[in-house]
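Engineer: Dropping in final.txt, with compact mmCIF, C-alpha atoms and all ligand atoms.
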# COMPACT_ATOMS: atom_id res chain seq x y z
CA MET K 1 0.00 0.00 0.00
CA LYS K 2 1.39 3.40 -0.99
CA THR K 3 1.64 6.03 1.72
CA VAL K 4 0.89 9.74 1.47
CA ARG K 5 1.45 12.72 3.72
CA LEU K 6 -1.74 14.21 5.12
CA GLY K 7 -1.42 17.88 4.12
CA ALA K 8 1.23 19.71 6.13
CA THR K 9 0.90 17.38 9.09
CA ALA K 10 3.79 15.09 9.85
CA LEU K 11 1.46 12.12 9.37
CA GLU K 12 2.38 9.52 6.73
CA ILE K 13 -0.68 7.38 6.10
CA SER K 14 -1.87 4.71 3.69
CA GLU K 15 -3.40 6.17 0.53
CA ILE K 16 -6.76 4.80 1.61
CA GLY K 17 -8.07 4.82 5.14
CA PHE K 18 -10.76 3.05 7.13
CA GLY K 19 -14.15 4.58 7.96
CA GLY K 20 -15.45 3.45 11.34
CA ILE K 21 -19.26 3.52 10.94
CA PRO K 22 -20.01 0.06 9.45
CA ILE K 23 -18.36 -1.84 12.31
CA ILE K 24 -21.00 -0.44 14.70
CA PRO K 25 -23.49 -3.34 14.27
CA LEU K 26 -20.84 -6.07 14.08
CA PRO K 27 -20.17 -8.31 17.07
CA ARG K 28 -16.98 -7.17 18.79
CA ASP K 29 -14.75 -10.07 17.70
CA GLU K 30 -15.88 -9.81 14.10
CA ALA K 31 -15.24 -6.05 14.05
CA VAL K 32 -11.77 -6.54 15.53
CA SER K 33 -11.00 -9.20 12.95
CA VAL K 34 -12.07 -6.89 10.08
CA VAL K 35 -9.86 -4.08 11.40
CA ARG K 36 -6.89 -6.44 11.85
CA HIS K 37 -7.38 -7.65 8.28
CA CYS K 38 -7.20 -4.05 7.07
CA LEU K 39 -3.98 -3.59 9.01
CA ASP K 40 -2.54 -6.72 7.41
CA LEU K 41 -3.30 -5.23 3.99
CA GLY K 42 -1.34 -2.08 4.86
CA ILE K 43 -4.10 0.30 5.95
CA THR K 44 -2.63 2.59 8.60
CA PHE K 45 -5.27 5.34 8.86
CA PHE K 46 -8.42 4.76 10.92
CA ASP K 47 -11.24 7.27 11.32
CA THR K 48 -14.04 7.06 13.85
CA ALA K 49 -16.12 9.38 16.05
CA ASN K 50 -17.36 9.62 19.57
CA MET K 51 -20.91 9.49 18.24
CA TYR K 52 -20.48 6.13 16.45
CA PRO K 53 -21.54 3.72 19.20
CA THR K 54 -18.95 1.00 19.96
CA SER K 55 -16.74 1.99 17.01
CA GLU K 56 -14.01 3.56 19.16
CA GLU K 57 -13.97 0.62 21.60
CA LYS K 58 -13.66 -1.93 18.78
CA LEU K 59 -10.90 0.06 17.08
CA GLY K 60 -9.16 0.49 20.43
CA ILE K 61 -9.00 -3.28 20.96
CA ALA K 62 -7.91 -3.99 17.38
CA LEU K 63 -5.26 -1.28 17.14
CA LYS K 64 -3.74 -1.43 20.62
CA PRO K 65 -0.92 -3.88 19.71
CA ASP K 66 0.09 -1.61 16.80
CA ARG K 67 -0.71 1.81 18.26
CA GLY K 68 2.69 3.26 17.35
CA LYS K 69 2.30 2.29 13.68
CA VAL K 70 -1.20 3.60 13.02
CA VAL K 71 -2.81 7.02 12.73
CA ILE K 72 -6.13 7.42 14.52
CA ALA K 73 -8.62 10.18 13.79
CA THR K 74 -11.77 10.71 15.83
CA LYS K 75 -14.31 13.50 16.33
CA THR K 76 -16.54 15.33 18.74
CA ALA K 77 -19.87 16.92 17.87
CA GLN K 78 -19.81 18.95 21.09
CA ARG K 79 -19.77 22.68 20.49
CA ASP K 80 -18.61 23.95 23.88
CA ALA K 81 -15.24 23.57 25.63
CA LYS K 82 -16.42 21.41 28.51
CA GLY K 83 -18.35 19.02 26.26
CA ALA K 84 -15.40 18.68 23.86
CA ALA K 85 -12.91 18.10 26.71
CA ASP K 86 -15.17 15.41 28.21
CA HIS K 87 -15.58 13.76 24.80
CA LEU K 88 -11.84 13.69 24.23
CA GLU K 89 -11.23 11.96 27.56
CA LEU K 90 -13.90 9.39 26.72
CA SER K 91 -12.38 8.80 23.27
CA LEU K 92 -8.93 8.30 24.77
CA ARG K 93 -10.32 5.71 27.18
CA GLN K 94 -12.36 3.94 24.51
CA LEU K 95 -9.50 3.92 22.03
CA GLN K 96 -7.09 2.75 24.75
CA THR K 97 -4.52 5.37 23.83
CA ASP K 98 -2.78 8.39 25.37
CA TRP K 99 -3.16 10.52 22.27
CA VAL K 100 -5.33 11.06 19.20
CA ASP K 101 -3.47 11.88 15.98
CA VAL K 102 -6.26 13.92 14.37
CA TYR K 103 -9.10 15.27 16.50
CA GLN K 104 -11.89 16.70 14.41
CA LEU K 105 -14.78 19.01 15.18
CA HIS K 106 -17.64 16.93 13.80
CA ASN K 107 -20.18 18.08 11.20
CA VAL K 108 -19.60 21.82 11.44
CA SER K 109 -22.03 22.46 8.61
CA ASN K 110 -23.51 25.89 9.18
CA GLU K 111 -22.44 29.36 10.20
CA ASP K 112 -23.87 29.04 13.71
CA ALA K 113 -22.04 25.80 14.41
CA LEU K 114 -18.75 27.34 13.25
CA LYS K 115 -19.32 30.41 15.42
CA GLN K 116 -20.11 28.23 18.43
CA VAL K 117 -16.98 26.08 18.16
CA LEU K 118 -14.70 29.08 17.64
CA ALA K 119 -16.27 31.30 20.33
CA PRO K 120 -14.57 31.84 23.71
CA GLN K 121 -15.37 28.71 25.76
CA GLY K 122 -16.14 26.94 22.48
CA ALA K 123 -14.98 23.44 21.52
CA TYR K 124 -11.90 24.69 19.66
CA GLU K 125 -10.50 26.23 22.84
CA ALA K 126 -10.57 22.87 24.66
CA VAL K 127 -9.15 21.02 21.68
CA ALA K 128 -6.26 23.49 21.30
CA LYS K 129 -5.50 23.16 25.01
CA ALA K 130 -5.47 19.36 24.68
CA ARG K 131 -3.10 19.65 21.70
CA ASP K 132 -0.75 21.79 23.77
CA ALA K 133 -0.91 19.13 26.50
CA GLY K 134 0.11 16.41 23.99
CA LYS K 135 -3.24 14.58 23.91
CA ILE K 136 -3.92 15.58 20.30
CA ARG K 137 -1.40 15.94 17.49
CA PHE K 138 -3.44 17.80 14.85
CA ILE K 139 -6.82 19.51 14.78
CA GLY K 140 -9.27 18.92 11.97
CA ILE K 141 -12.83 19.70 11.01
CA SER K 142 -15.55 17.72 9.26
CA SER K 143 -18.36 19.37 7.35
CA HIS K 144 -21.08 18.83 4.74
CA SER K 145 -21.27 22.49 3.73
CA ILE K 146 -18.90 24.07 1.22
CA PRO K 147 -19.37 27.72 2.41
CA THR K 148 -18.89 26.70 6.06
CA ALA K 149 -15.85 24.59 5.27
CA ILE K 150 -14.33 27.46 3.28
CA ALA K 151 -14.93 29.86 6.19
CA ALA K 152 -13.37 27.34 8.57
CA LEU K 153 -10.26 26.88 6.42
CA LYS K 154 -9.83 30.63 6.07
CA THR K 155 -9.31 30.87 9.84
CA GLY K 156 -6.08 28.88 9.40
CA LEU K 157 -6.93 26.91 12.55
CA PHE K 158 -7.42 23.46 11.00
CA GLN K 159 -4.80 21.07 9.64
CA THR K 160 -7.27 18.61 8.13
CA LEU K 161 -10.67 18.75 6.46
CA GLN K 162 -13.07 15.83 6.15
CA PHE K 163 -15.72 16.27 3.45
CA PRO K 164 -17.98 13.98 1.37
CA PHE K 165 -16.38 13.24 -1.99
CA ASN K 166 -17.38 10.85 -4.76
CA PHE K 167 -18.47 11.15 -8.37
CA ILE K 168 -21.97 12.31 -7.49
CA GLU K 169 -20.73 14.74 -4.82
CA ASN K 170 -17.84 16.35 -6.66
CA ASP K 171 -18.60 20.06 -6.04
CA PRO K 172 -15.66 20.49 -3.64
CA VAL K 173 -13.22 20.34 -6.58
CA GLN K 174 -14.37 23.81 -7.70
CA GLU K 175 -13.25 25.96 -4.77
CA LEU K 176 -12.98 24.06 -1.50
CA PHE K 177 -10.31 21.50 -2.35
CA PRO K 178 -8.08 24.02 -4.21
CA LEU K 179 -8.25 26.25 -1.11
CA ALA K 180 -7.37 23.30 1.12
CA THR K 181 -4.44 22.19 -1.01
CA GLN K 182 -3.09 25.77 -1.35
CA ASN K 183 -3.07 25.93 2.44
CA GLN K 184 -1.65 22.40 2.80
CA VAL K 185 -4.71 21.23 4.68
CA GLY K 186 -4.95 17.43 4.54
CA ILE K 187 -8.17 16.28 2.84
CA ILE K 188 -10.00 13.20 4.07
CA GLY K 189 -12.75 12.03 1.70
CA MET K 190 -15.81 10.68 3.46
CA LYS K 191 -18.49 8.64 1.65
CA PRO K 192 -16.31 7.45 -1.27
CA LEU K 193 -19.16 5.07 -2.16
CA GLY K 194 -21.86 7.71 -1.70
CA GLY K 195 -22.70 6.40 1.77
CA GLY K 196 -23.60 3.02 0.27
CA LEU K 197 -25.65 4.46 -2.58
CA LEU K 198 -23.04 3.68 -5.24
CA GLU K 199 -22.58 0.01 -5.89
CA ARG K 200 -19.73 0.09 -8.43
CA ALA K 201 -16.60 0.25 -6.28
CA ASP K 202 -14.46 0.10 -9.44
CA LEU K 203 -15.99 3.33 -10.81
CA CYS K 204 -15.88 5.06 -7.42
CA PHE K 205 -12.22 4.39 -6.82
CA LYS K 206 -11.15 5.00 -10.42
CA PHE K 207 -12.76 8.43 -10.02
CA LEU K 208 -11.04 9.02 -6.68
CA GLN K 209 -7.67 7.99 -8.08
CA GLN K 210 -7.92 11.06 -10.35
CA HIS K 211 -7.78 13.12 -7.12
CA PRO K 212 -4.84 11.66 -5.21
CA TYR K 213 -4.70 14.63 -2.82
CA VAL K 214 -7.87 13.24 -1.18
CA VAL K 215 -7.50 10.27 1.18
CA PRO K 216 -10.75 8.29 0.95
CA ILE K 217 -12.03 6.47 4.01
CA PRO K 218 -14.45 3.78 2.82
CA GLY K 219 -16.59 2.28 5.55
CA ILE K 220 -15.68 -1.39 5.80
CA ARG K 221 -17.81 -4.11 7.34
CA ALA K 222 -16.36 -7.23 5.72
CA GLU K 223 -12.94 -8.42 4.64
CA LYS K 224 -14.02 -8.95 1.05
CA GLU K 225 -14.95 -5.26 0.74
CA ILE K 226 -11.47 -4.02 1.62
CA ASP K 227 -9.90 -6.81 -0.47
CA GLU K 228 -11.72 -5.45 -3.53
CA ILE K 229 -10.70 -1.85 -2.83
CA VAL K 230 -7.07 -2.68 -2.13
CA GLY K 231 -7.03 -4.70 -5.39
CA LEU K 232 -8.19 -1.58 -7.25
CA TYR K 233 -5.29 0.39 -5.75
CA ARG K 234 -2.71 -2.31 -6.42
CA ASN K 235 -3.72 -2.37 -10.05
CA PRO K 236 -4.97 1.17 -10.78
CA GLN K 237 -6.87 1.69 -14.02
CA PRO K 238 -7.80 4.91 -15.81
CA LEU K 239 -11.40 5.97 -16.35
CA PHE K 240 -12.29 4.63 -19.77
CA GLU K 241 -14.92 6.14 -22.06
CA ALA K 242 -17.41 3.43 -21.00
CA ASP K 243 -16.77 4.32 -17.33
CA LEU K 244 -17.49 8.00 -17.99
CA THR K 245 -20.74 7.03 -19.69
CA SER K 246 -21.71 4.85 -16.71
CA ILE K 247 -20.90 7.69 -14.30
CA GLU K 248 -23.12 10.08 -16.25
CA GLU K 249 -25.95 7.54 -16.25
CA ILE K 250 -25.68 7.01 -12.51
CA ARG K 251 -25.53 10.78 -11.87
CA SER K 252 -28.70 11.29 -13.83
CA ASP K 253 -30.43 8.35 -12.07
CA VAL K 254 -29.63 9.72 -8.66
CA GLY K 255 -30.61 13.32 -9.46
CA GLU K 256 -29.73 16.52 -7.62
CA LYS K 257 -32.07 16.36 -4.69
CA PHE K 258 -30.69 13.14 -3.40
CA CYS K 259 -30.46 12.33 0.25
CA HIS K 260 -26.89 11.71 1.36
CA ARG K 261 -28.11 9.47 4.17
CA CYS K 262 -26.05 11.31 6.75
CA GLU K 263 -29.03 11.07 9.14
CA TYR K 264 -28.34 14.44 10.74
CA CYS K 265 -32.09 15.07 10.40
CA MET K 266 -32.90 12.09 12.61
CA PRO K 267 -34.59 11.22 14.83
CA CYS K 268 -37.87 12.73 13.74
CA PRO K 269 -40.02 13.44 16.80
CA GLN K 270 -42.97 11.84 14.98
CA GLY K 271 -41.06 8.69 14.09
CA VAL K 272 -40.84 9.32 10.34
CA GLN K 273 -38.02 7.21 8.90
CA ILE K 274 -36.75 10.05 6.76
CA SER K 275 -33.58 8.68 5.22
CA SER K 276 -35.19 5.32 4.37
CA VAL K 277 -38.15 7.04 2.68
CA LEU K 278 -35.79 9.23 0.66
CA MET K 279 -33.95 6.13 -0.57
CA LEU K 280 -36.98 5.14 -2.62
CA ARG K 281 -36.06 6.74 -5.94
CA PRO K 282 -32.56 5.22 -6.29
CA ALA K 283 -33.83 1.91 -4.88
CA ALA K 284 -36.74 1.80 -7.34
CA LYS K 285 -34.30 2.25 -10.23
CA ARG K 286 -32.25 -0.75 -9.22
CA LEU K 287 -34.45 -3.20 -7.36
CA SER K 288 -37.53 -5.18 -8.27
CA CYS K 289 -40.91 -3.90 -7.12
CA GLU K 290 -41.20 -6.81 -4.66
CA ASN K 291 -37.82 -6.04 -3.12
CA VAL K 292 -38.60 -2.34 -2.82
CA LYS K 293 -41.89 -3.10 -1.07
CA GLY K 294 -40.22 -5.56 1.29
CA TRP K 295 -37.34 -3.23 2.08
CA LEU K 296 -39.06 0.14 2.30
CA GLY K 297 -42.74 -0.63 2.83
CA ALA K 298 -42.67 -0.17 6.62
CA ALA K 299 -40.71 3.09 6.33
CA MET K 300 -43.22 4.42 3.80
CA GLU K 301 -46.06 3.94 6.27
CA THR K 302 -44.38 6.43 8.65
CA VAL K 303 -44.74 9.32 6.15
CA GLU K 304 -48.36 9.85 7.26
CA GLN K 305 -47.03 10.76 10.71
CA CYS K 306 -45.25 13.89 9.41
CA ILE K 307 -46.78 17.07 10.85
CA GLU K 308 -44.48 19.33 8.77
CA CYS K 309 -42.86 20.83 11.87
CA GLY K 310 -39.71 21.63 9.85
CA GLU K 311 -37.31 20.38 12.52
CA CYS K 312 -35.60 17.97 10.12
CA GLU K 313 -35.13 20.64 7.44
CA GLN K 314 -33.28 22.87 9.89
CA LYS K 315 -30.85 20.04 10.61
CA CYS K 316 -30.26 18.87 7.01
CA PRO K 317 -26.82 20.14 5.88
CA TYR K 318 -27.95 19.87 2.23
CA ASN K 319 -31.03 22.07 2.72
CA LEU K 320 -33.29 19.43 1.25
CA PRO K 321 -37.03 20.27 1.21
CA ILE K 322 -37.67 17.13 3.26
CA SER K 323 -41.44 17.50 3.82
CA ASP K 324 -42.04 17.87 0.09
CA LEU K 325 -39.68 15.04 -0.75
CA LEU K 326 -41.44 12.74 1.71
CA LYS K 327 -44.76 13.38 -0.03
CA GLU K 328 -43.22 12.94 -3.49
CA ASN K 329 -41.62 9.66 -2.47
CA LEU K 330 -44.83 8.35 -0.94
CA ALA K 331 -46.76 9.19 -4.12
CA LEU K 332 -44.10 7.44 -6.18
CA PHE K 333 -44.19 4.43 -3.88
CA ASN K 334 -47.99 4.17 -4.11
CA GLN K 335 -47.73 4.27 -7.88
CA TYR K 336 -44.79 1.95 -8.07
CA ALA K 337 -45.97 -0.56 -5.50
CA ARG K 338 -48.94 -1.69 -7.55
CA CYS K 339 -46.96 -4.68 -8.74
S1 LIG D 1 -41.15 17.84 9.21
FE1 LIG D 1 -42.07 15.80 9.38
S2 LIG D 1 -40.36 14.42 9.06
FE2 LIG D 1 -39.47 16.42 9.54
S3 LIG D 1 -39.12 16.36 11.75
FE3 LIG D 1 -41.14 17.29 11.41
S4 LIG D 1 -42.57 15.58 11.55
FE4 LIG D 1 -40.53 14.69 11.27
S1 LIG D 2 -32.57 14.41 4.55
FE1 LIG D 2 -30.70 15.62 4.74
S2 LIG D 2 -30.03 15.30 6.87
FE2 LIG D 2 -31.53 13.74 6.43
S3 LIG D 2 -30.32 11.97 5.83
FE3 LIG D 2 -30.90 13.08 3.96
S4 LIG D 2 -29.23 14.47 3.52
FE4 LIG D 2 -28.97 13.78 5.64
Mind turning the file's structure into structure tokens?
Ligand code: SF4
Ligand code: SF4
Structural biologist:
Amino acid sequence: MKTVRLGATALEISEIGFGGIPIIPLPRDEAVSVVRHCLDLGITFFDTANMYPTSEEKLGIALKPDRGKVVIATKTAQRDAKGAADHLELSLRQLQTDWVDVYQLHNVSNEDALKQVLAPQGAYEAVAKARDAGKIRFIGISSHSIPTAIAALKTGLFQTLQFPFNFIENDPVQELFPLATQNQVGIIGMKPLGGGLLERADLCFKFLQQHPYVVPIPGIRAEKEIDEIVGLYRNPQPLFEADLTSIEEIRSDVGEKFCHRCEYCMPCPQGVQISSVLMLRPAAKRLSCENVKGWLGAAMETVEQCIECGECEQKCPYNLPISDLLKENLALFNQYARC
């Protein structure tokens, strides 16, 4: 596995990293075994977050024997200094380590959130203090909003940026990534497979290999998944004309108003299963009617519970008109499900 330097940090990491969400539902021993398999293949960069239940503990167990050889990134979604300091201590305990290599402020995706973390007594203050005390090596930020990420980078306070990046979410190449690279900010690419929406790993990673300044962190839940990805890096291929055509077809299937399944809008106080309902359109394009009904039927029934309170729309970093989309998807489902 080739290694790359993460921006201007002193961190040399494998050219692909490990995203820590999919090990959440795995039994502990299975999760540890998947992580150890990744290590055996040469993966040395592991990303997780305080808010991913059990992910830090499982990574802590798996990585402890090799702590000196791996780079661990984790995150806090706390916005104030006390909350962030408490989260860091918890992460250190769960990860069984004395230090975190990259500590990121999690999902800073609007102006208010950025103001809160940078305010006096905000999360950044606690994180900077912890860095000075040797508990953190570098400070990063994760975001789903280009304007907020640009504003954050312009402060000069962050050494890494984590942002969604794949061939259907490629807007950051216009302004955000050039700004990051000019300032030697290390870029970590979340959702290289569109959060599970994109099934063709070959296309996804061929696309990402055109942007080697981004370190993708695919979420891995099984050994065969990382085997396939590592194979694509050991034997890199260009994007052929047929690949570009396939990418365009998939982009047009998915459309602009697609839900990124980040689940920041959840939970809905009325129990609406928002992200599942919004999966309908891409699912209907790929799956049989029977499968769609079996998979999404129960979620569709929750749409009637929506009282249009708007709470989810305030939390969606992509400003999706969720109430309208719920209705549209239900209408489509009712039409489609007459099979
Ligand atoms: S608008 Fe509907 S789906 Fe969104 S939080 Fe309110 S009740 Fe839930
Ligand atoms: S509706 Fe918005 S916040 Fe909710 S999962 Fe989709 S993209 Fe994320």
Engineer: In Å, rounded to a single decimal, give me how far CA of Cys306 (chain K) is from CA of Asn334 (chain K).
Structural biologist: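 That distance, rounded to one decimal, is 16.9 Å.
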Engineer: Could you tell me how far CA of His87 (chain K) lies from CA of Ala126 (chain K), in Å and to one decimal?
Structural biologist: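 According to the coordinates, CA of His87 (chain K) and CA of Ala126 (chain K) are separated by 10.4 Å.
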Engineer: Kindly provide, as JSON, numbers by chain, all nucleotide and amino acid residues lying within 7 Å of ligand LIG 2 (chain D), counting only C-alpha atoms and all ligand atoms.
Structural biologist: {"K": [259, 260, 261, 262, 263, 264, 265, 266, 274, 275, 312, 315, 316, 317, 318, 319, 320, 322]}
Engineer: Excluding Lys129 (chain K) and its own-chain neighbours fewer than 2 positions away, which residues fall within 12 Å of it when counting only C-alpha atoms? Please give them as a ChimeraX atom specification.
Structural biologist: /K:81-82,84-85,88,121-127,131-139
Engineer: Quick one: pull the distance between CA of Asp171 (chain K) and CA of Ala8 (chain K), Å, one decimal.
Structural biologist: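 Going from CA of Asp171 (chain K) over to CA of Ala8 (chain K) covers 23.3 Å.
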Engineer: Choose the residue, out of K:Leu193, K:Val272, K:Ala284, K:Ile217, that has the smallest atom-to-atom separation from Cys38 (chain K); count only C-alpha atoms.
Structural biologist: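 Ranking K:Leu193, K:Val272, K:Ala284, K:Ile217 by distance to Cys38 (chain K), first place goes to K:Ile217.
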Engineer: Using all atoms listed in the file, which protein or nucleic acid residues are at most 9 Å from ligand LIG 1 (chain D), as a count of residues only?
Structural biologist: 26
Engineer: Using all atoms listed in the file, which of the listed residues (K:Arg221, K:Gln184, K:Ile229, K:Val214) sits closest to Asp202 (chain K)?
Structural biologist: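 Result for the nearest residue to Asp202 (chain K): K:Ile229.
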Engineer: If we count all atoms listed in the file and set the cut-off at 8 Å, which residues sit around Ile21 (chain K), ignoring sequence neighbours fewer than 5 positions away in its own chain? Please answer as a PyMOL selection string.
Structural biologist: chain K and resi 48+52+55+219-220
Engineer: Write out as a short mmCIF file (atom, residue, chain, number, x, y, z; two decimals) with C-alpha atoms, in the coordinates of the input each polymer residue whose atoms come within 8 Å of region 40-43 of chain K, counting all atoms listed in the file; drop sequence neighbours fewer than 4 positions from it.
Structural biologist:
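Printed below is selection-v4.cif as written:
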data_model
loop_
_atom_site.label_atom_id
_atom_site.label_comp_id
_atom_site.auth_asym_id
_atom_site.auth_seq_id
_atom_site.Cartn_x
_atom_site.Cartn_y
_atom_site.Cartn_z
CA MET K 1 0.00 0.00 0.00
CA ILE K 13 -0.68 7.38 6.10
CA SER K 14 -1.87 4.71 3.69
CA ILE K 16 -6.76 4.80 1.61
CA GLY K 17 -8.07 4.82 5.14
CA PHE K 18 -10.76 3.05 7.13
CA ARG K 36 -6.89 -6.44 11.85
CA VAL K 230 -7.07 -2.68 -2.13
#
Engineer: Nearest to Pro218 (chain K): which of K:Gly231, K:Gly7, K:Gly195, K:Pro236 is it, counting all atoms listed in the file?
Structural biologist: K:Gly195
Engineer: Of the residues K:Val100, K:Val34, K:Leu6, K:Glu12, which is the one nearest to Asp227 (chain K), using all atoms listed in the file?
Structural biologist: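 Among the listed residues, K:Val34 lies closest to Asp227 (chain K).
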Engineer: Counting only C-alpha atoms, find residues at most 10 Å from (-14.9, 7.3, -8.9) (file frame) and give them as a list in words.
Structural biologist: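 Applying the cut-off with only C-alpha atoms, one gets Phe165, Asn166, Phe167, Ile168, Asn170, Pro192, Leu193, Leu198, Arg200, Ala201, Asp202, Leu203, Cys204, Phe205, Lys206, Phe207, Leu208, Gln209, Gln210, His211, Leu239, Asp243, Leu244 and Ile247 of chain K.
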Engineer: Set the distance at 10 Å and use all atoms listed in the file: which residues neighbour Gly186 (chain K) once local chain neighbours fewer than 6 positions away are removed? I'd like the list as a list in words.
Structural biologist: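 In the requested format, the answer is Arg5, Leu6, Gly7, Ala8, Thr9, Leu11, Gly140, Phe158, Gln159, Thr160, Leu161, Gln162, Phe177, Ala180, Tyr213, Val214 and Val215 of chain K.
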Engineer: Find, counting all atoms listed in the file, the residue in K:Leu197, K:Ala242, K:Leu232, K:Ala73 that gets nearest to Leu280 (chain K).
Structural biologist: K:Leu197
Engineer: Taking into account only C-alpha atoms, which residue in the set K:Glu111, K:Asp29, K:Glu328, K:Glu56 is nearest to Leu90 (chain K)?
Structural biologist: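 Smallest distance to Leu90 (chain K) is found for K:Glu56.
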Engineer: Hey, what's within 12 Å of Asp253 (chain K) if we count only C-alpha atoms and toss same-chain stuff fewer than 2 positions away? As a ChimeraX atom specification, please?
Structural biologist: /K:168,197-198,246-251,255-258,280-286
Engineer: For region 20-41 of chain K, supply N, CA and C atoms and format the output as a compact mmCIF listing (two decimals), in the coordinates of the input.
Structural biologist:
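The result, written out as rebuild-v2.txt:
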# COMPACT_ATOMS: atom_id res chain seq x y z
N GLY K 20 -15.05 4.28 10.19
CA GLY K 20 -15.45 3.45 11.34
C GLY K 20 -16.93 3.26 11.57
N ILE K 21 -17.82 3.69 10.66
CA ILE K 21 -19.26 3.52 10.94
C ILE K 21 -19.73 2.07 10.77
N PRO K 22 -19.38 1.37 9.67
CA PRO K 22 -20.01 0.06 9.45
C PRO K 22 -19.65 -1.01 10.46
N ILE K 23 -18.64 -0.79 11.30
CA ILE K 23 -18.36 -1.84 12.31
C ILE K 23 -19.29 -1.71 13.52
N ILE K 24 -20.11 -0.65 13.54
CA ILE K 24 -21.00 -0.44 14.70
C ILE K 24 -21.88 -1.68 14.97
N PRO K 25 -22.60 -2.20 13.95
CA PRO K 25 -23.49 -3.34 14.27
C PRO K 25 -22.79 -4.68 14.38
N LEU K 26 -21.51 -4.77 14.05
CA LEU K 26 -20.84 -6.07 14.08
C LEU K 26 -20.56 -6.51 15.51
N PRO K 27 -20.64 -7.82 15.77
CA PRO K 27 -20.17 -8.31 17.07
C PRO K 27 -18.70 -7.91 17.26
N ARG K 28 -18.31 -7.73 18.52
CA ARG K 28 -16.98 -7.17 18.79
C ARG K 28 -15.85 -7.97 18.11
N ASP K 29 -15.86 -9.28 18.25
CA ASP K 29 -14.75 -10.07 17.70
C ASP K 29 -14.68 -9.97 16.18
N GLU K 30 -15.86 -9.91 15.56
CA GLU K 30 -15.88 -9.81 14.10
C GLU K 30 -15.32 -8.45 13.67
N ALA K 31 -15.73 -7.40 14.38
CA ALA K 31 -15.24 -6.05 14.05
C ALA K 31 -13.71 -5.99 14.20
N VAL K 32 -13.22 -6.56 15.28
CA VAL K 32 -11.77 -6.54 15.53
C VAL K 32 -11.05 -7.29 14.41
N SER K 33 -11.64 -8.41 14.00
CA SER K 33 -11.00 -9.20 12.95
C SER K 33 -10.97 -8.42 11.62
N VAL K 34 -12.05 -7.68 11.31
CA VAL K 34 -12.07 -6.89 10.08
C VAL K 34 -10.98 -5.81 10.14
N VAL K 35 -10.87 -5.14 11.27
CA VAL K 35 -9.86 -4.08 11.40
C VAL K 35 -8.45 -4.67 11.29
N ARG K 36 -8.23 -5.82 11.92
CA ARG K 36 -6.89 -6.44 11.85
C ARG K 36 -6.57 -6.85 10.40
N HIS K 37 -7.59 -7.28 9.69
CA HIS K 37 -7.38 -7.65 8.28
C HIS K 37 -6.95 -6.42 7.47
N CYS K 38 -7.58 -5.29 7.76
CA CYS K 38 -7.20 -4.05 7.07
C CYS K 38 -5.75 -3.69 7.37
N LEU K 39 -5.37 -3.86 8.63
CA LEU K 39 -3.98 -3.59 9.01
C LEU K 39 -3.03 -4.50 8.24
N ASP K 40 -3.40 -5.77 8.13
CA ASP K 40 -2.54 -6.72 7.41
C ASP K 40 -2.36 -6.32 5.95
N LEU K 41 -3.38 -5.65 5.40
CA LEU K 41 -3.30 -5.23 3.99
C LEU K 41 -2.52 -3.92 3.83
